[in-house]
file query.csv (CSV, C-alpha atoms)
chain,number,residue,atom,x,y,z
A,1,ILE,CA,1.0,-41.9,-37.4
A,2,GLU,CA,4.0,-42.3,-35.1
A,3,LYS,CA,6.1,-43.6,-38.0
A,4,LEU,CA,5.0,-40.6,-40.2
A,5,GLY,CA,5.7,-38.3,-37.3
A,6,ALA,CA,9.2,-39.6,-37.0
A,7,MET,CA,9.8,-39.7,-40.7
A,8,PHE,CA,8.7,-36.0,-41.2
A,9,GLN,CA,9.9,-34.8,-37.7
A,10,LEU,CA,6.4,-33.6,-36.8
A,11,HIS,CA,5.6,-32.2,-33.4
A,12,ARG,CA,4.1,-34.7,-31.0
A,13,LEU,CA,1.3,-32.3,-29.9
A,14,ALA,CA,0.2,-31.9,-33.5
A,15,LEU,CA,0.2,-35.7,-33.8
A,16,GLU,CA,-2.1,-36.0,-30.8
A,17,ASP,CA,-4.5,-33.5,-32.4
A,18,VAL,CA,-4.6,-35.8,-35.5
A,19,VAL,CA,-5.9,-38.6,-33.4
A,20,ASN,CA,-8.3,-36.4,-31.3
A,21,VAL,CA,-10.5,-35.7,-34.2
A,22,HIS,CA,-12.8,-33.1,-32.7
A,23,GLN,CA,-10.4,-30.2,-33.3
A,24,ARG,CA,-11.7,-26.9,-34.7
A,25,ALA,CA,-10.1,-25.4,-37.8
A,26,LYS,CA,-6.8,-23.9,-36.9
A,27,VAL,CA,-3.2,-23.2,-38.0
A,28,GLU,CA,-0.3,-23.8,-35.7
A,29,GLN,CA,3.4,-23.3,-36.4
A,30,TYR,CA,5.8,-26.0,-35.1
A,31,GLY,CA,9.4,-25.1,-36.0
A,32,ASP,CA,9.9,-26.0,-39.7
A,33,HIS,CA,6.3,-27.0,-40.4
A,34,LEU,CA,2.7,-25.8,-40.1
A,35,PHE,CA,-0.1,-27.9,-38.7
A,36,ILE,CA,-3.4,-27.0,-40.3
A,37,VAL,CA,-6.8,-28.5,-39.3
A,38,VAL,CA,-9.8,-28.0,-41.6
A,39,ARG,CA,-13.2,-29.6,-41.4
A,40,THR,CA,-14.9,-31.0,-44.4
A,41,ILE,CA,-18.7,-31.5,-44.7
A,42,GLU,CA,-20.2,-34.9,-45.3
A,43,ASN,CA,-23.5,-34.4,-47.1
A,44,GLN,CA,-25.5,-37.1,-45.4
A,45,SER,CA,-28.4,-37.1,-42.9
A,46,PRO,CA,-27.8,-36.0,-40.3
A,47,LEU,CA,-25.2,-33.6,-41.6
A,48,CYS,CA,-21.7,-34.1,-40.0
A,49,THR,CA,-18.1,-33.0,-40.5
A,50,GLU,CA,-14.8,-34.7,-40.7
A,51,GLN,CA,-11.4,-33.5,-39.5
A,52,ILE,CA,-8.6,-33.2,-42.1
A,53,SER,CA,-5.2,-32.7,-40.6
A,54,MET,CA,-2.5,-31.2,-42.8
A,55,PHE,CA,1.2,-30.8,-42.3
A,56,LEU,CA,2.9,-28.3,-44.5
A,57,GLY,CA,6.7,-28.3,-44.8
A,58,SER,CA,9.0,-26.6,-47.2
A,59,LYS,CA,8.9,-29.6,-49.6
A,60,PHE,CA,5.9,-31.6,-48.5
A,61,VAL,CA,2.2,-31.7,-47.7
A,62,LEU,CA,0.9,-34.5,-45.6
A,63,THR,CA,-2.8,-35.0,-45.0
A,64,LEU,CA,-4.6,-37.4,-42.6
A,65,GLN,CA,-8.3,-37.9,-42.7
A,66,GLU,CA,-10.7,-39.7,-40.4
A,67,ARG,CA,-12.3,-41.8,-43.1
A,68,PRO,CA,-11.6,-42.7,-46.8
A,69,GLY,CA,-13.0,-40.3,-49.4
A,70,ASP,CA,-12.7,-36.6,-49.9
A,71,ASP,CA,-13.4,-33.7,-52.3
A,72,TRP,CA,-10.0,-33.5,-53.8
A,73,ASN,CA,-10.6,-35.1,-57.2
A,74,PRO,CA,-10.4,-31.7,-58.9
A,75,VAL,CA,-6.9,-31.2,-57.4
A,76,ARG,CA,-5.9,-34.7,-58.4
A,77,GLU,CA,-7.0,-34.1,-61.9
A,78,ARG,CA,-5.0,-30.9,-62.1
A,79,LEU,CA,-2.0,-32.8,-61.0
A,80,ARG,CA,-2.5,-35.6,-63.4
A,81,GLN,CA,-3.1,-33.3,-66.4
A,82,LYS,CA,-0.3,-31.0,-65.3
A,83,ARG,CA,-2.7,-28.0,-65.6
A,84,GLY,CA,-2.0,-24.6,-64.1
A,85,ARG,CA,0.6,-23.8,-61.4
A,86,ILE,CA,-0.1,-26.8,-59.2
A,87,ARG,CA,2.8,-28.8,-60.6
A,88,THR,CA,5.3,-26.0,-60.7
A,89,ALA,CA,4.4,-24.1,-57.5
A,90,GLY,CA,5.6,-25.2,-54.1
A,91,ALA,CA,4.0,-27.2,-51.3
A,92,ASP,CA,2.3,-24.1,-50.1
A,93,TYR,CA,0.3,-23.9,-53.3
A,94,LEU,CA,-0.7,-27.5,-53.0
A,95,ALA,CA,-1.9,-26.9,-49.5
A,96,TYR,CA,-3.9,-23.9,-50.7
A,97,ALA,CA,-5.5,-26.0,-53.5
A,98,LEU,CA,-6.5,-28.7,-51.0
A,99,ILE,CA,-8.0,-26.2,-48.5
A,100,ASP,CA,-9.8,-24.4,-51.3
A,101,ALA,CA,-11.4,-27.7,-52.4
A,102,VAL,CA,-12.5,-28.4,-48.8
A,103,ILE,CA,-14.1,-24.9,-48.6
A,104,ASP,CA,-15.8,-25.4,-52.0
A,105,SER,CA,-17.4,-28.6,-50.7
A,106,TYR,CA,-19.6,-26.5,-48.4
A,107,PHE,CA,-21.4,-24.7,-51.2
A,108,PRO,CA,-23.5,-27.6,-52.5
A,109,VAL,CA,-24.7,-28.3,-49.0
A,110,LEU,CA,-25.6,-24.7,-48.5
A,111,ASP,CA,-27.4,-24.7,-51.8
A,112,GLN,CA,-29.3,-27.8,-50.8
A,113,LEU,CA,-30.3,-26.3,-47.5
A,114,GLY,CA,-31.5,-23.1,-49.3
A,115,GLU,CA,-33.7,-25.2,-51.6
A,116,GLN,CA,-35.2,-27.0,-48.6
A,117,VAL,CA,-36.0,-23.7,-46.9
A,118,GLU,CA,-37.6,-22.4,-50.1
A,119,GLU,CA,-39.6,-25.6,-50.4
A,120,LEU,CA,-40.8,-25.2,-46.8
A,121,ASP,CA,-41.7,-21.6,-47.5
A,122,GLU,CA,-43.8,-22.7,-50.4
A,123,ILE,CA,-45.5,-25.4,-48.4
A,124,LEU,CA,-46.4,-22.9,-45.7
A,125,THR,CA,-47.6,-20.4,-48.2
A,126,LEU,CA,-49.9,-22.9,-50.0
A,127,ASP,CA,-51.1,-24.8,-46.9
A,128,PRO,CA,-50.3,-23.1,-43.6
A,129,ARG,CA,-52.0,-25.9,-41.7
A,130,ARG,CA,-49.5,-28.5,-43.0
A,131,PRO,CA,-47.1,-29.8,-40.3
A,132,VAL,CA,-43.5,-28.9,-41.1
A,133,VAL,CA,-42.0,-28.6,-37.6
A,134,GLY,CA,-39.9,-31.7,-38.0
A,135,ARG,CA,-38.3,-30.5,-41.3
A,136,VAL,CA,-37.6,-27.1,-39.8
A,137,HIS,CA,-35.9,-28.8,-36.9
A,138,GLU,CA,-33.7,-30.9,-39.3
A,139,ILE,CA,-32.7,-27.8,-41.2
A,140,ARG,CA,-31.9,-25.9,-38.0
A,141,GLN,CA,-29.7,-28.8,-36.9
A,142,ALA,CA,-27.9,-28.9,-40.2
A,143,LEU,CA,-27.3,-25.1,-40.1
A,144,HIS,CA,-25.9,-25.5,-36.6
A,145,VAL,CA,-23.4,-28.1,-37.8
A,146,LEU,CA,-22.4,-25.9,-40.7
A,147,ARG,CA,-22.0,-22.8,-38.5
A,148,ARG,CA,-19.8,-24.7,-36.0
A,149,ALA,CA,-17.6,-26.1,-38.8
A,150,ILE,CA,-17.4,-23.0,-41.0
A,151,TRP,CA,-16.9,-20.2,-38.5
A,152,PRO,CA,-13.4,-21.3,-37.1
A,153,HIS,CA,-12.1,-21.5,-40.7
A,154,ARG,CA,-12.4,-17.7,-40.9
A,155,LYS,CA,-9.8,-17.2,-38.1
A,156,ALA,CA,-7.5,-20.0,-39.2
A,157,LEU,CA,-7.4,-19.0,-42.9
A,158,ALA,CA,-7.0,-15.3,-41.9
A,159,SER,CA,-3.9,-16.3,-40.0
A,160,LEU,CA,-2.5,-17.8,-43.1
A,161,THR,CA,-3.0,-14.6,-45.1
A,162,ARG,CA,-2.2,-12.0,-42.4
A,163,GLU,CA,0.6,-13.6,-40.4
A,164,HIS,CA,4.1,-14.1,-41.9
A,165,HIS,CA,4.9,-17.8,-42.4
A,166,ASP,CA,8.2,-18.7,-43.9
A,167,LEU,CA,6.6,-21.7,-45.6
A,168,ILE,CA,4.0,-19.6,-47.4
A,169,THR,CA,5.0,-17.3,-50.3
A,170,ALA,CA,3.0,-14.2,-51.1
A,171,GLU,CA,1.8,-15.8,-54.4
call {"tool": "encode", "arguments": {"input": "query.csv", "output": "structure tokens"}}
result
Amino acid sequence: IEKLGAMFQLHRLALEDVVNVHQRAKVEQYGDHLFIVVRTIENQSPLCTEQISMFLGSKFVLTLQERPGDDWNPVRERLRQKRGRIRTAGADYLAYALIDAVIDSYFPVLDQLGEQVEELDEILTLDPRRPVVGRVHEIRQALHVLRRAIWPHRKALASLTREHHDLITAE
């Protein structure tokens, strides 16, 4: 990380945030680059999130993740197949596509939780004496993890659209 920081001239405070992986979603400007943190969801039990740190410069996007694996295969395929604007647009568009894929990864988890709630509702309707407290607690925990991860994205992503950043074009 230190070598990458030196090579891309990244701010040392942002590099510290890469290593301290409990950051909330945020966007910070450091001179000629943006430091963006997003959290991706890992659909396992119990539900947890992973920090993805992203540096956006005028001609580069650098991402660092806690663990191998991500939800970026659709972006990789668009790059490989040279589909859409992703090959011709700038680094800001690539960053947008990566962030979009991260946010899209939340929807299957939300759908799955919705199905579990419907299943519990059906169980309680058919047999109100059946114990479901443990499952309700698990779903409540998962929803809490999701809320803590998703909510900060609103502010961070709004700052990308509302505030002027030289590195991000209107398109």
call {"tool": "closest_atom_pairs", "arguments": {"input": "query.csv", "of": "range 47-78 of chain A", "to": "range 143-146 of chain A", "cutoff": "12 Å", "atoms": "all atoms listed in the file", "output": "Markdown table"}}
result
| residue | atom | partner | partner_atom | distance |
| --- | --- | --- | --- | --- |
| A:Leu47 | CA | A:Val145 | CA | 6.9 |
| A:Cys48 | CA | A:Val145 | CA | 6.6 |
| A:Thr49 | CA | A:Val145 | CA | 7.7 |
| A:Glu50 | CA | A:Val145 | CA | 11.2 |
call {"tool": "residues_near_point", "arguments": {"input": "query.csv", "point": "(4.3, -27.8, -38.4)", "cutoff": "12 Å", "atoms": "all atoms listed in the file", "output": "PyMOL selection string"}}
result
chain A and resi 5+8-15+26-37+53-58+60-62+165-167
call {"tool": "closest_residue", "arguments": {"input": "query.csv", "among": "A:Glu2, A:His137, A:Ala158, A:Ile103", "to": "Ile41 in chain A", "atoms": "only C-alpha atoms"}}
result
A:Ile103
call {"tool": "closest_residue", "arguments": {"input": "query.csv", "among": "A:Arg78, A:Arg87, A:Arg39, A:Arg129", "to": "Ser105 in chain A", "atoms": "all atoms listed in the file"}}
result
A:Arg39
call {"tool": "atom_distance", "arguments": {"input": "query.csv", "atom1": "CA of Arg154 in chain A", "atom2": "CA of Ile139 in chain A"}}
result
22.7 Å
call {"tool": "closest_residue", "arguments": {"input": "query.csv", "among": "A:Thr40, A:Pro74, A:Tyr96, A:Val117", "to": "Arg148 in chain A", "atoms": "all atoms listed in the file"}}
result
A:Thr40
call {"tool": "closest_residue", "arguments": {"input": "query.csv", "among": "A:Ile123, A:Gly134, A:Lys59, A:Lys155", "to": "Ala89 in chain A", "atoms": "all atoms listed in the file"}}
result
A:Lys59
call {"tool": "atom_distance", "arguments": {"input": "query.csv", "atom1": "CA of Gly114 in chain A", "atom2": "CA of Glu138 in chain A"}}
result
12.9 Å
